[in-house]
$ cat work-v5.pdb   # PDB, C-alpha atoms and all ligand atoms
MODEL        1
ATOM      1  CA  VAL A   1       0.000   0.000   0.000
ATOM      2  CA  GLY A   2       1.323   3.423  -0.968
ATOM      3  CA  GLN A   3       4.046   2.277  -3.368
ATOM      4  CA  ASN A   4       2.078   3.940  -6.108
ATOM      5  CA  LEU A   5       1.310   7.440  -4.798
ATOM      6  CA  VAL A   6      -0.443  10.111  -6.818
ATOM      7  CA  THR A   7      -0.598  13.620  -5.351
ATOM      8  CA  ILE A   8      -3.198  16.034  -6.655
ATOM      9  CA  LYS A   9      -3.219  19.752  -5.896
ATOM     10  CA  GLN A  10      -6.958  20.187  -5.907
ATOM     11  CA  VAL A  11      -9.817  17.759  -6.311
ATOM     12  CA  ASP A  12     -13.457  17.510  -5.249
ATOM     13  CA  SER A  13     -12.879  14.363  -3.205
ATOM     14  CA  THR A  14     -10.151  11.745  -3.452
ATOM     15  CA  ASN A  15     -12.792   9.057  -2.928
ATOM     16  CA  SER A  16     -14.877  10.347  -5.838
ATOM     17  CA  PHE A  17     -11.761  10.700  -7.993
ATOM     18  CA  LEU A  18     -10.693   7.112  -7.386
ATOM     19  CA  LYS A  19     -14.227   5.804  -7.863
ATOM     20  CA  ASN A  20     -14.422   7.643 -11.180
ATOM     21  CA  LEU A  21     -11.244   6.007 -12.396
ATOM     22  CA  LEU A  22     -12.680   2.618 -11.504
ATOM     23  CA  SER A  23     -16.002   3.232 -13.179
ATOM     24  CA  ASN A  24     -14.179   4.324 -16.356
ATOM     25  CA  SER A  25     -12.351   0.996 -16.237
ATOM     26  CA  THR A  26      -9.014   2.779 -15.863
ATOM     27  CA  PRO A  27      -6.603   0.169 -14.557
ATOM     28  CA  VAL A  28      -5.590   1.044 -11.006
ATOM     29  CA  SER A  29      -3.416  -1.367  -9.089
ATOM     30  CA  GLU A  30      -4.201  -2.498  -5.588
ATOM     31  CA  GLY A  31      -2.520  -0.339  -2.969
ATOM     32  CA  THR A  32      -2.593   2.841  -5.078
ATOM     33  CA  VAL A  33      -2.947   5.981  -2.975
ATOM     34  CA  ILE A  34      -4.470   9.228  -4.206
ATOM     35  CA  MET A  35      -3.614  12.124  -1.965
ATOM     36  CA  ALA A  36      -4.968  15.656  -2.278
ATOM     37  CA  GLU A  37      -3.474  18.905  -1.073
ATOM     38  CA  GLU A  38      -6.945  20.365  -1.189
ATOM     39  CA  GLN A  39     -10.405  18.850  -1.422
ATOM     40  CA  TYR A  40     -13.205  21.272  -2.188
ATOM     41  CA  ALA A  41     -15.999  18.761  -1.692
ATOM     42  CA  GLY A  42     -14.585  16.289   0.786
ATOM     43  CA  ARG A  43     -17.144  13.759   1.909
ATOM     44  CA  GLY A  44     -17.690  12.282   5.363
ATOM     45  CA  GLN A  45     -19.867   9.587   6.851
ATOM     46  CA  GLN A  46     -23.610   9.904   6.549
ATOM     47  CA  GLN A  47     -23.685  12.555   3.845
ATOM     48  CA  ASN A  48     -21.572  14.951   5.919
ATOM     49  CA  THR A  49     -18.924  17.132   4.337
ATOM     50  CA  TRP A  50     -15.291  16.898   5.366
ATOM     51  CA  HIS A  51     -13.451  20.194   5.744
ATOM     52  CA  SER A  52      -9.703  20.341   5.892
ATOM     53  CA  GLU A  53      -7.442  23.370   5.564
ATOM     54  CA  PRO A  54      -5.518  23.090   2.251
ATOM     55  CA  GLY A  55      -1.989  21.746   2.581
ATOM     56  CA  LYS A  56      -2.214  21.170   6.323
ATOM     57  CA  ASN A  57      -3.688  17.721   6.737
ATOM     58  CA  LEU A  58      -3.822  14.266   5.262
ATOM     59  CA  THR A  59      -6.703  13.659   2.881
ATOM     60  CA  PHE A  60      -6.212  10.554   0.780
ATOM     61  CA  SER A  61      -7.854   7.437  -0.574
ATOM     62  CA  LEU A  62      -6.346   4.054  -1.116
ATOM     63  CA  LEU A  63      -7.547   1.210  -3.250
ATOM     64  CA  LEU A  64      -7.890  -2.322  -1.961
ATOM     65  CA  LYS A  65      -9.222  -5.313  -3.855
ATOM     66  CA  PRO A  66     -10.448  -7.605  -1.107
ATOM     67  CA  HIS A  67     -11.774 -10.327  -3.401
ATOM     68  CA  PHE A  68     -11.172 -12.859  -0.648
ATOM     69  CA  LEU A  69     -13.831 -11.300   1.599
ATOM     70  CA  PRO A  70     -17.548 -12.032   1.413
ATOM     71  CA  PRO A  71     -19.721  -8.909   1.678
ATOM     72  CA  HIS A  72     -20.883  -9.772   5.192
ATOM     73  CA  GLN A  73     -17.284  -9.380   6.334
ATOM     74  CA  GLN A  74     -16.757  -5.925   4.916
ATOM     75  CA  PHE A  75     -16.565  -4.327   8.334
ATOM     76  CA  ASP A  76     -13.198  -6.051   8.771
ATOM     77  CA  LEU A  77     -11.850  -3.508   6.282
ATOM     78  CA  ASN A  78     -13.009  -0.697   8.565
ATOM     79  CA  ARG A  79     -11.193  -2.465  11.367
ATOM     80  CA  ALA A  80      -7.969  -2.929   9.394
ATOM     81  CA  ALA A  81      -7.936   0.691   8.225
ATOM     82  CA  SER A  82      -8.723   2.093  11.690
ATOM     83  CA  LEU A  83      -6.035  -0.044  13.263
ATOM     84  CA  GLY A  84      -3.521   1.040  10.639
ATOM     85  CA  VAL A  85      -4.093   4.694  11.454
ATOM     86  CA  TYR A  86      -4.070   3.900  15.143
ATOM     87  CA  ASP A  87      -0.767   2.015  14.994
ATOM     88  CA  ALA A  88       0.884   4.725  12.902
ATOM     89  CA  LEU A  89      -0.118   7.508  15.298
ATOM     90  CA  TYR A  90       0.323   5.619  18.546
ATOM     91  CA  PRO A  91       4.098   6.248  18.839
ATOM     92  CA  LEU A  92       3.378   9.985  18.597
ATOM     93  CA  LEU A  93       0.250  10.227  20.686
ATOM     94  CA  GLY A  94       0.110   7.314  23.104
ATOM     95  CA  ASP A  95      -2.702   5.989  25.225
ATOM     96  CA  GLN A  96      -5.197   8.787  24.711
ATOM     97  CA  LEU A  97      -5.581   7.595  21.162
ATOM     98  CA  LYS A  98      -8.773   5.594  20.576
ATOM     99  CA  ILE A  99     -10.881   4.198  17.786
ATOM    100  CA  LYS A 100     -14.453   5.389  17.999
ATOM    101  CA  TRP A 101     -16.884   3.054  16.331
ATOM    102  CA  PRO A 102     -17.167   2.599  13.456
ATOM    103  CA  ASN A 103     -13.883   4.171  12.315
ATOM    104  CA  ASP A 104     -13.204   7.560  13.823
ATOM    105  CA  ILE A 105      -9.840   8.309  15.332
ATOM    106  CA  TYR A 106     -10.059  10.113  18.657
ATOM    107  CA  TYR A 107      -7.590  11.681  21.014
ATOM    108  CA  GLY A 108      -9.275  11.916  24.395
ATOM    109  CA  ASP A 109     -12.711  13.320  23.639
ATOM    110  CA  ARG A 110     -11.694  14.974  20.392
ATOM    111  CA  LYS A 111     -11.842  13.808  16.851
ATOM    112  CA  LEU A 112      -8.525  13.654  15.047
ATOM    113  CA  GLY A 113      -9.722  11.966  11.905
ATOM    114  CA  GLY A 114     -12.208   9.770  10.191
ATOM    115  CA  MET A 115     -12.728   7.550   7.227
ATOM    116  CA  LEU A 116     -15.195   6.866   4.500
ATOM    117  CA  ILE A 117     -14.947   3.400   3.011
ATOM    118  CA  GLU A 118     -16.862   2.699  -0.172
ATOM    119  CA  ASN A 119     -17.043  -0.882  -1.376
ATOM    120  CA  THR A 120     -18.344  -2.545  -4.482
ATOM    121  CA  ILE A 121     -19.576  -6.109  -4.550
ATOM    122  CA  GLN A 122     -19.324  -8.607  -7.361
ATOM    123  CA  GLY A 123     -21.189 -11.867  -6.982
ATOM    124  CA  ASP A 124     -20.546 -13.194  -3.507
ATOM    125  CA  SER A 125     -17.370 -11.301  -2.769
ATOM    126  CA  LEU A 126     -16.113  -7.753  -2.460
ATOM    127  CA  LYS A 127     -14.560  -6.199  -5.523
ATOM    128  CA  ASP A 128     -13.071  -2.758  -4.937
ATOM    129  CA  SER A 129     -12.730  -0.958  -1.659
ATOM    130  CA  VAL A 130     -12.003   2.763  -1.729
ATOM    131  CA  VAL A 131     -10.671   3.624   1.697
ATOM    132  CA  GLY A 132     -10.818   7.392   2.188
ATOM    133  CA  ILE A 133      -8.990   8.783   5.184
ATOM    134  CA  GLY A 134      -8.807  12.287   6.596
ATOM    135  CA  ILE A 135      -6.490  12.990   9.528
ATOM    136  CA  ASN A 136      -5.907  16.442  10.982
ATOM    137  CA  ILE A 137      -2.175  16.930  11.256
ATOM    138  CA  ASN A 138      -0.959  20.536  11.097
ATOM    139  CA  GLN A 139      -4.194  22.521  11.188
ATOM    140  CA  GLU A 140      -4.203  24.904  14.141
ATOM    141  CA  ASN A 141      -7.745  26.227  14.283
ATOM    142  CA  PHE A 142     -11.086  24.678  13.549
ATOM    143  CA  PRO A 143     -14.333  26.397  12.643
ATOM    144  CA  GLU A 144     -17.064  26.582  15.265
ATOM    145  CA  GLY A 145     -19.022  23.814  13.600
ATOM    146  CA  ALA A 146     -16.111  21.475  14.275
ATOM    147  CA  ALA A 147     -15.608  22.351  17.937
ATOM    148  CA  ASN A 148     -14.929  18.709  18.677
ATOM    149  CA  ALA A 149     -11.999  18.495  16.261
ATOM    150  CA  THR A 150      -8.325  18.422  17.089
ATOM    151  CA  SER A 151      -5.053  17.871  15.237
ATOM    152  CA  VAL A 152      -1.638  16.417  15.966
ATOM    153  CA  LYS A 153      -0.310  19.987  16.008
ATOM    154  CA  GLN A 154      -2.886  21.095  18.586
ATOM    155  CA  ILE A 155      -1.839  18.200  20.767
ATOM    156  CA  LEU A 156       1.944  18.252  20.342
ATOM    157  CA  GLN A 157       2.575  21.906  19.342
ATOM    158  CA  LYS A 158       4.723  20.815  16.422
ATOM    159  CA  ASP A 159       4.439  20.519  12.668
ATOM    160  CA  TYR A 160       4.718  17.086  11.119
ATOM    161  CA  ASP A 161       5.725  15.897   7.669
ATOM    162  CA  LEU A 162       2.579  14.731   5.917
ATOM    163  CA  THR A 163       4.213  12.249   3.560
ATOM    164  CA  LEU A 164       6.118  10.635   6.394
ATOM    165  CA  ILE A 165       2.951  10.024   8.401
ATOM    166  CA  LEU A 166       1.186   8.896   5.243
ATOM    167  CA  SER A 167       3.779   6.245   4.513
ATOM    168  CA  GLU A 168       3.618   5.008   8.098
ATOM    169  CA  ILE A 169      -0.181   4.753   7.883
ATOM    170  CA  CYS A 170       0.050   2.840   4.591
ATOM    171  CA  LYS A 171       2.535   0.398   6.047
ATOM    172  CA  CYS A 172       0.382  -0.219   9.102
ATOM    173  CA  ILE A 173      -2.856  -0.632   7.139
ATOM    174  CA  GLU A 174      -1.111  -3.117   4.882
ATOM    175  CA  ALA A 175      -0.018  -5.174   7.876
ATOM    176  CA  HIS A 176      -3.606  -5.543   9.088
ATOM    177  CA  TYR A 177      -4.944  -6.082   5.591
ATOM    178  CA  LEU A 178      -2.489  -8.933   5.058
ATOM    179  CA  LYS A 179      -3.735 -10.540   8.271
ATOM    180  CA  LEU A 180      -7.258 -10.474   6.868
ATOM    181  CA  ARG A 181      -6.005 -11.955   3.639
ATOM    182  CA  ALA A 182      -4.262 -14.734   5.562
ATOM    183  CA  GLY A 183      -7.505 -15.541   7.373
ATOM    184  CA  GLN A 184      -6.255 -14.158  10.706
ATOM    185  CA  THR A 185      -9.463 -12.264  11.158
ATOM    186  CA  GLU A 186      -9.608 -12.774  14.911
ATOM    187  CA  LEU A 187      -6.317 -10.925  15.411
ATOM    188  CA  VAL A 188      -7.743  -7.900  13.658
ATOM    189  CA  ARG A 189     -11.075  -8.082  15.472
ATOM    190  CA  ASN A 190      -9.450  -8.406  18.887
ATOM    191  CA  ALA A 191      -7.066  -5.514  18.333
ATOM    192  CA  TYR A 192      -9.922  -3.301  17.158
ATOM    193  CA  GLN A 193     -11.973  -4.209  20.203
ATOM    194  CA  GLN A 194      -9.055  -3.393  22.496
ATOM    195  CA  HIS A 195      -8.707   0.164  21.267
ATOM    196  CA  LEU A 196     -12.403   1.010  21.235
ATOM    197  CA  TYR A 197     -13.388   4.322  22.720
ATOM    198  CA  TRP A 198     -15.957   4.192  25.542
ATOM    199  CA  LEU A 199     -15.589   0.462  26.066
ATOM    200  CA  ASN A 200     -17.275  -0.380  29.367
ATOM    201  CA  GLU A 201     -17.748   3.265  30.300
ATOM    202  CA  GLU A 202     -21.128   4.723  31.114
ATOM    203  CA  ARG A 203     -22.063   7.355  28.535
ATOM    204  CA  SER A 204     -25.091   9.000  27.129
ATOM    205  CA  PHE A 205     -26.111   8.039  23.608
ATOM    206  CA  GLU A 206     -28.565   9.470  21.175
ATOM    207  CA  SER A 207     -30.466   6.989  19.061
ATOM    208  CA  ASP A 208     -33.488   7.337  16.802
ATOM    209  CA  SER A 209     -35.671   6.656  19.811
ATOM    210  CA  GLY A 210     -34.080   9.261  22.094
ATOM    211  CA  ILE A 211     -31.259   9.816  24.545
ATOM    212  CA  PHE A 212     -30.288   7.024  26.911
ATOM    213  CA  THR A 213     -27.458   6.002  29.210
ATOM    214  CA  GLY A 214     -25.468   2.905  28.415
ATOM    215  CA  MET A 215     -22.122   1.228  27.978
ATOM    216  CA  VAL A 216     -20.343   0.090  24.848
ATOM    217  CA  LYS A 217     -19.936  -3.667  25.172
ATOM    218  CA  ASN A 218     -18.584  -4.790  21.873
ATOM    219  CA  VAL A 219     -18.793  -4.721  18.096
ATOM    220  CA  LEU A 220     -20.346  -7.712  16.365
ATOM    221  CA  PRO A 221     -18.420  -9.389  13.512
ATOM    222  CA  GLU A 222     -20.573  -7.651  10.875
ATOM    223  CA  GLY A 223     -19.995  -4.261  12.526
ATOM    224  CA  LEU A 224     -23.036  -3.585  14.686
ATOM    225  CA  LEU A 225     -22.318  -1.768  17.934
ATOM    226  CA  VAL A 226     -23.607  -3.446  21.090
ATOM    227  CA  ILE A 227     -24.597  -1.125  23.928
ATOM    228  CA  ALA A 228     -25.965  -2.293  27.286
ATOM    229  CA  ASP A 229     -28.491   0.006  28.953
ATOM    230  CA  THR A 230     -28.536   0.640  32.717
ATOM    231  CA  ASN A 231     -30.604  -2.516  33.237
ATOM    232  CA  GLY A 232     -27.955  -4.532  31.471
ATOM    233  CA  ARG A 233     -30.181  -5.106  28.459
ATOM    234  CA  GLN A 234     -28.092  -5.261  25.284
ATOM    235  CA  MET A 235     -29.071  -3.443  22.129
ATOM    236  CA  GLU A 236     -27.511  -3.464  18.677
ATOM    237  CA  PHE A 237     -27.072  -0.379  16.546
ATOM    238  CA  ASN A 238     -25.941   0.406  13.059
ATOM    239  CA  LEU A 239     -24.523   3.735  11.990
ATOM    240  CA  LYS A 240     -27.836   5.085  10.751
ATOM    241  CA  GLU A 241     -29.507   4.458  14.099
ATOM    242  CA  LEU A 242     -26.936   6.050  16.370
TER     243      LEU A 242
HETATM  244  C1  LIG A 301     -15.936  11.110   8.638
HETATM  245  O1  LIG A 301     -15.375  11.196   9.714
HETATM  246  O2  LIG A 301     -17.112  11.452   8.494
HETATM  247  C2  LIG A 301     -15.171  10.564   7.470
HETATM  248  C3  LIG A 301     -14.271  11.572   6.843
HETATM  249  C4  LIG A 301     -13.514  11.030   5.647
HETATM  250  C5  LIG A 301     -12.721  12.085   4.929
HETATM  251  C6  LIG A 301     -11.779  11.528   3.900
HETATM  252  S1  LIG A 301     -10.664  12.749   3.306
HETATM  253  C7  LIG A 301     -10.151  11.714   1.997
HETATM  254  C8  LIG A 301     -11.365  10.985   1.506
HETATM  255  N1  LIG A 301     -12.058  11.731   0.472
HETATM  256  C9  LIG A 301     -13.264  12.139   0.879
HETATM  257  O3  LIG A 301     -14.050  12.826   0.191
HETATM  258  N2  LIG A 301     -13.499  11.717   2.120
HETATM  259  C10 LIG A 301     -12.404  10.936   2.648
ENDMDL
END
$ encode --input "work-v5.pdb" --output "structure tokens" --more "lines below"
Ligand code: BTN
Amino acid sequence: VGQNLVTIKQVDSTNSFLKNLLSNSTPVSEGTVIMAEEQYAGRGQQQNTWHSEPGKNLTFSLLLKPHFLPPHQQFDLNRAASLGVYDALYPLLGDQLKIKWPNDIYYGDRKLGGMLIENTIQGDSLKDSVVGIGININQENFPEGAANATSVKQILQKDYDLTLILSEICKCIEAHYLKLRAGQTELVRNAYQQHLYWLNEERSFESDSGIFTGMVKNVLPEGLLVIADTNGRQMEFNLKEL
């Protein structure tokens, strides 16, 4: 992953760009990374937009071809990608670093980055997976709408080399991806579970049916989040419900 790196000055969204190449049948090899200095229509989870100050942060998409995975295991890609980012940043940031389900990267209670993974399915396996990642590195200030956001610079008061962090992230994602490919799915699932934000802590959650208090218990193989309410009753949520 990352051996073939394409840097673009300005693009709507690196995910859209890569998806366009694929839908035009342009040959793109597995592991190719498209990185943008500036995205003017960056996309986030659930139809959100992703804002990132030009030239300051990492905004990139990488292509995987997980033909060995059946569609019901696609959440393992979210795990592998989250863990890759986690492992790459851990030496810099340490224990405050967490993975917030499904694939946000948090430092303490603040969001450092997120990902948008878009998969295509062919028959009974996955075809292409466009893994789009945005990590705030050198941005110093965030708009009011992103009050929850932070960056490596805000935390460590230092500028970091984007391409260096990028290559570390690619290396670490590849390591987890290769475990999936070798059938070592449990290793990836356990590591993901270990770094989960809010695990066994009482928190308030907002679901479609209102606000409630509960505890994150685990993430099911297919990616549903299990939360226990104060009576110990366990409920399962997908991203649209929570
Ligand atoms: C989220 O937290 O909602 C996910 C944010 C994902 C942003 C990245 S930046 C690179 C790639 N291209 C996009 O348009 N989105 C992802």
$ closest_residue --input "work-v5.pdb" --among "A:Ser13, A:Asn48, A:Ser129, A:Asn238" --to "Ala36 of chain A" --atoms "only C-alpha atoms"
A:Ser13
$ residues_around --input "work-v5.pdb" --residues "Val130 of chain A" --least-positions-apart "6" --cutoff "9 Å" --atoms "only C-alpha atoms" --output "PyMOL selection string"
chain A and resi 15+18-19+61-65+116-120
$ residues_near_ligand --input "work-v5.pdb" --ligand "ligand LIG 301 (chain A)" --cutoff "10 Å" --atoms "only C-alpha atoms and all ligand atoms" --output "ChimeraX atom specification"
/A:11-18,34-36,38-52,57-62,102-105,111-118,130-136
$ closest_residue --input "work-v5.pdb" --among "A:Leu93, A:Ile99, A:Val85, A:Leu199" --to "Lys171 of chain A" --atoms "all atoms listed in the file"
A:Val85
$ atom_distance --input "work-v5.pdb" --atom1 "atom CA of Arg181 of chain A" --atom2 "atom CA of Phe68 of chain A"
6.8 Å
$ resolve_selection --input "work-v5.pdb" --expression "the PyMOL selection byres (((chain A and resi 67) around 8) and not hetatm)" --output "PDB file with C-alpha atoms, in the frame of the given file"
ATOM      1  CA  LYS A  65      -9.222  -5.313  -3.855  1.00  0.00           C
ATOM      2  CA  PRO A  66     -10.448  -7.605  -1.107  1.00  0.00           C
ATOM      3  CA  PHE A  68     -11.172 -12.859  -0.648  1.00  0.00           C
ATOM      4  CA  LEU A  69     -13.831 -11.300   1.599  1.00  0.00           C
ATOM      5  CA  PRO A  70     -17.548 -12.032   1.413  1.00  0.00           C
ATOM      6  CA  SER A 125     -17.370 -11.301  -2.769  1.00  0.00           C
ATOM      7  CA  LEU A 126     -16.113  -7.753  -2.460  1.00  0.00           C
ATOM      8  CA  LYS A 127     -14.560  -6.199  -5.523  1.00  0.00           C
ATOM      9  CA  ASP A 128     -13.071  -2.758  -4.937  1.00  0.00           C
TER      10      ASP A 128
END
$ closest_residue --input "work-v5.pdb" --among "A:Thr213, A:Ser29, A:Gln10, A:Asn141" --to "Ala228 of chain A" --atoms "only C-alpha atoms"
A:Thr213
$ axis_aligned_box --input "work-v5.pdb" --around "segment 212-219 of chain A" --padding-each-side "3 Å" --output "AutoDock Vina command-line options"
--center_x -24.4 --center_y 1.1 --center_z 23.7 --size_x 17.7 --size_y 17.8 --size_z 17.1
$ residues_around --input "work-v5.pdb" --residues "segment 74-84 of chain A" --least-positions-apart "4" --cutoff "7 Å" --atoms "all atoms listed in the file" --output "number ranges by chain"
A: 69, 88, 99, 103, 169, 172-173, 176-177, 188-189, 192, 222-223
$ closest_residue --input "work-v5.pdb" --among "A:Val216, A:Ala147, A:Leu89, A:Ala175" --to "Ser204 of chain A" --atoms "only C-alpha atoms"
A:Val216
$ atom_distance --input "work-v5.pdb" --atom1 "atom CA of Leu92 of chain A" --atom2 "atom CA of Asp109 of chain A"
17.2 Å
$ closest_residue --input "work-v5.pdb" --among "A:Ile121, A:Leu22, A:Leu156, A:Leu220" --to "Asn138 of chain A" --atoms "all atoms listed in the file"
A:Leu156
$ closest_residue --input "work-v5.pdb" --among "A:Asp95, A:Asp87, A:Glu37, A:Glu30" --to "Tyr197 of chain A" --atoms "all atoms listed in the file"
A:Asp95
$ resolve_selection --input "work-v5.pdb" --expression "the PyMOL selection byres (((chain A and resi 232) around 12) and not hetatm)" --output "PDB file with C-alpha atoms, in the coordinates of the input"
ATOM      1  CA  ASN A 200     -17.275  -0.380  29.367  1.00  0.00           C
ATOM      2  CA  GLU A 202     -21.128   4.723  31.114  1.00  0.00           C
ATOM      3  CA  THR A 213     -27.458   6.002  29.210  1.00  0.00           C
ATOM      4  CA  GLY A 214     -25.468   2.905  28.415  1.00  0.00           C
ATOM      5  CA  MET A 215     -22.122   1.228  27.978  1.00  0.00           C
ATOM      6  CA  VAL A 216     -20.343   0.090  24.848  1.00  0.00           C
ATOM      7  CA  LYS A 217     -19.936  -3.667  25.172  1.00  0.00           C
ATOM      8  CA  VAL A 226     -23.607  -3.446  21.090  1.00  0.00           C
ATOM      9  CA  ILE A 227     -24.597  -1.125  23.928  1.00  0.00           C
ATOM     10  CA  ALA A 228     -25.965  -2.293  27.286  1.00  0.00           C
ATOM     11  CA  ASP A 229     -28.491   0.006  28.953  1.00  0.00           C
ATOM     12  CA  THR A 230     -28.536   0.640  32.717  1.00  0.00           C
ATOM     13  CA  ASN A 231     -30.604  -2.516  33.237  1.00  0.00           C
ATOM     14  CA  ARG A 233     -30.181  -5.106  28.459  1.00  0.00           C
ATOM     15  CA  GLN A 234     -28.092  -5.261  25.284  1.00  0.00           C
ATOM     16  CA  MET A 235     -29.071  -3.443  22.129  1.00  0.00           C
TER      17      MET A 235
END
$ atom_distance --input "work-v5.pdb" --atom1 "atom CA of Thr32 of chain A" --atom2 "atom CA of Gln3 of chain A"
6.9 Å
$ resolve_selection --input "work-v5.pdb" --expression "the PyMOL selection byres (((chain A and resi 98) around 7) and not hetatm)" --output "compact mmCIF listing (two decimals) with C-alpha atoms, in the coordinates of the input"
# COMPACT_ATOMS: atom_id res chain seq x y z
CA GLN A 96 -5.20 8.79 24.71
CA LEU A 97 -5.58 7.60 21.16
CA ILE A 99 -10.88 4.20 17.79
CA LYS A 100 -14.45 5.39 18.00
CA ILE A 105 -9.84 8.31 15.33
CA TYR A 106 -10.06 10.11 18.66
CA TYR A 107 -7.59 11.68 21.01
CA HIS A 195 -8.71 0.16 21.27
CA LEU A 196 -12.40 1.01 21.24
CA TYR A 197 -13.39 4.32 22.72
$ build_atoms --input "work-v5.pdb" --residues "segment 199-219 of chain A" --atoms "N, CA and C atoms" --output "compact mmCIF listing (two decimals), keeping the file's coordinate frame"
# COMPACT_ATOMS: atom_id res chain seq x y z
N LEU A 199 -15.32 1.85 25.71
CA LEU A 199 -15.59 0.46 26.07
C LEU A 199 -15.81 0.36 27.58
N ASN A 200 -16.93 -0.19 27.95
CA ASN A 200 -17.27 -0.38 29.37
C ASN A 200 -17.32 0.90 30.20
N GLU A 201 -17.57 2.02 29.54
CA GLU A 201 -17.75 3.26 30.30
C GLU A 201 -19.18 3.73 30.14
N GLU A 202 -19.75 4.26 31.21
CA GLU A 202 -21.13 4.72 31.11
C GLU A 202 -21.16 6.06 30.39
N ARG A 203 -21.99 6.15 29.37
CA ARG A 203 -22.06 7.36 28.54
C ARG A 203 -23.50 7.60 28.14
N SER A 204 -23.75 8.80 27.67
CA SER A 204 -25.09 9.00 27.13
C SER A 204 -25.05 8.92 25.61
N PHE A 205 -26.04 8.27 25.05
CA PHE A 205 -26.11 8.04 23.61
C PHE A 205 -27.40 8.62 23.06
N GLU A 206 -27.35 8.99 21.80
CA GLU A 206 -28.56 9.47 21.18
C GLU A 206 -28.91 8.54 20.02
N SER A 207 -30.03 7.87 20.15
CA SER A 207 -30.47 6.99 19.06
C SER A 207 -31.73 7.57 18.45
N ASP A 208 -32.24 6.90 17.44
CA ASP A 208 -33.49 7.34 16.80
C ASP A 208 -34.61 7.48 17.82
N SER A 209 -34.57 6.63 18.85
CA SER A 209 -35.67 6.66 19.81
C SER A 209 -35.36 7.49 21.05
N GLY A 210 -34.33 8.33 21.00
CA GLY A 210 -34.08 9.26 22.09
C GLY A 210 -32.74 9.08 22.77
N ILE A 211 -32.53 9.85 23.83
CA ILE A 211 -31.26 9.82 24.54
C ILE A 211 -31.35 8.79 25.67
N PHE A 212 -30.29 8.00 25.83
CA PHE A 212 -30.29 7.02 26.91
C PHE A 212 -28.87 6.85 27.44
N THR A 213 -28.77 6.26 28.62
CA THR A 213 -27.46 6.00 29.21
C THR A 213 -27.11 4.54 28.98
N GLY A 214 -25.87 4.29 28.65
CA GLY A 214 -25.47 2.90 28.42
C GLY A 214 -23.96 2.76 28.35
N MET A 215 -23.55 1.56 28.05
CA MET A 215 -22.12 1.23 27.98
C MET A 215 -21.82 0.47 26.70
N VAL A 216 -20.75 0.85 26.03
CA VAL A 216 -20.34 0.09 24.85
C VAL A 216 -19.80 -1.26 25.31
N LYS A 217 -20.35 -2.32 24.76
CA LYS A 217 -19.94 -3.67 25.17
C LYS A 217 -19.03 -4.32 24.14
N ASN A 218 -19.43 -4.23 22.92
CA ASN A 218 -18.58 -4.79 21.87
C ASN A 218 -19.11 -4.47 20.48
N VAL A 219 -18.36 -4.91 19.48
CA VAL A 219 -18.79 -4.72 18.10
C VAL A 219 -18.93 -6.11 17.49
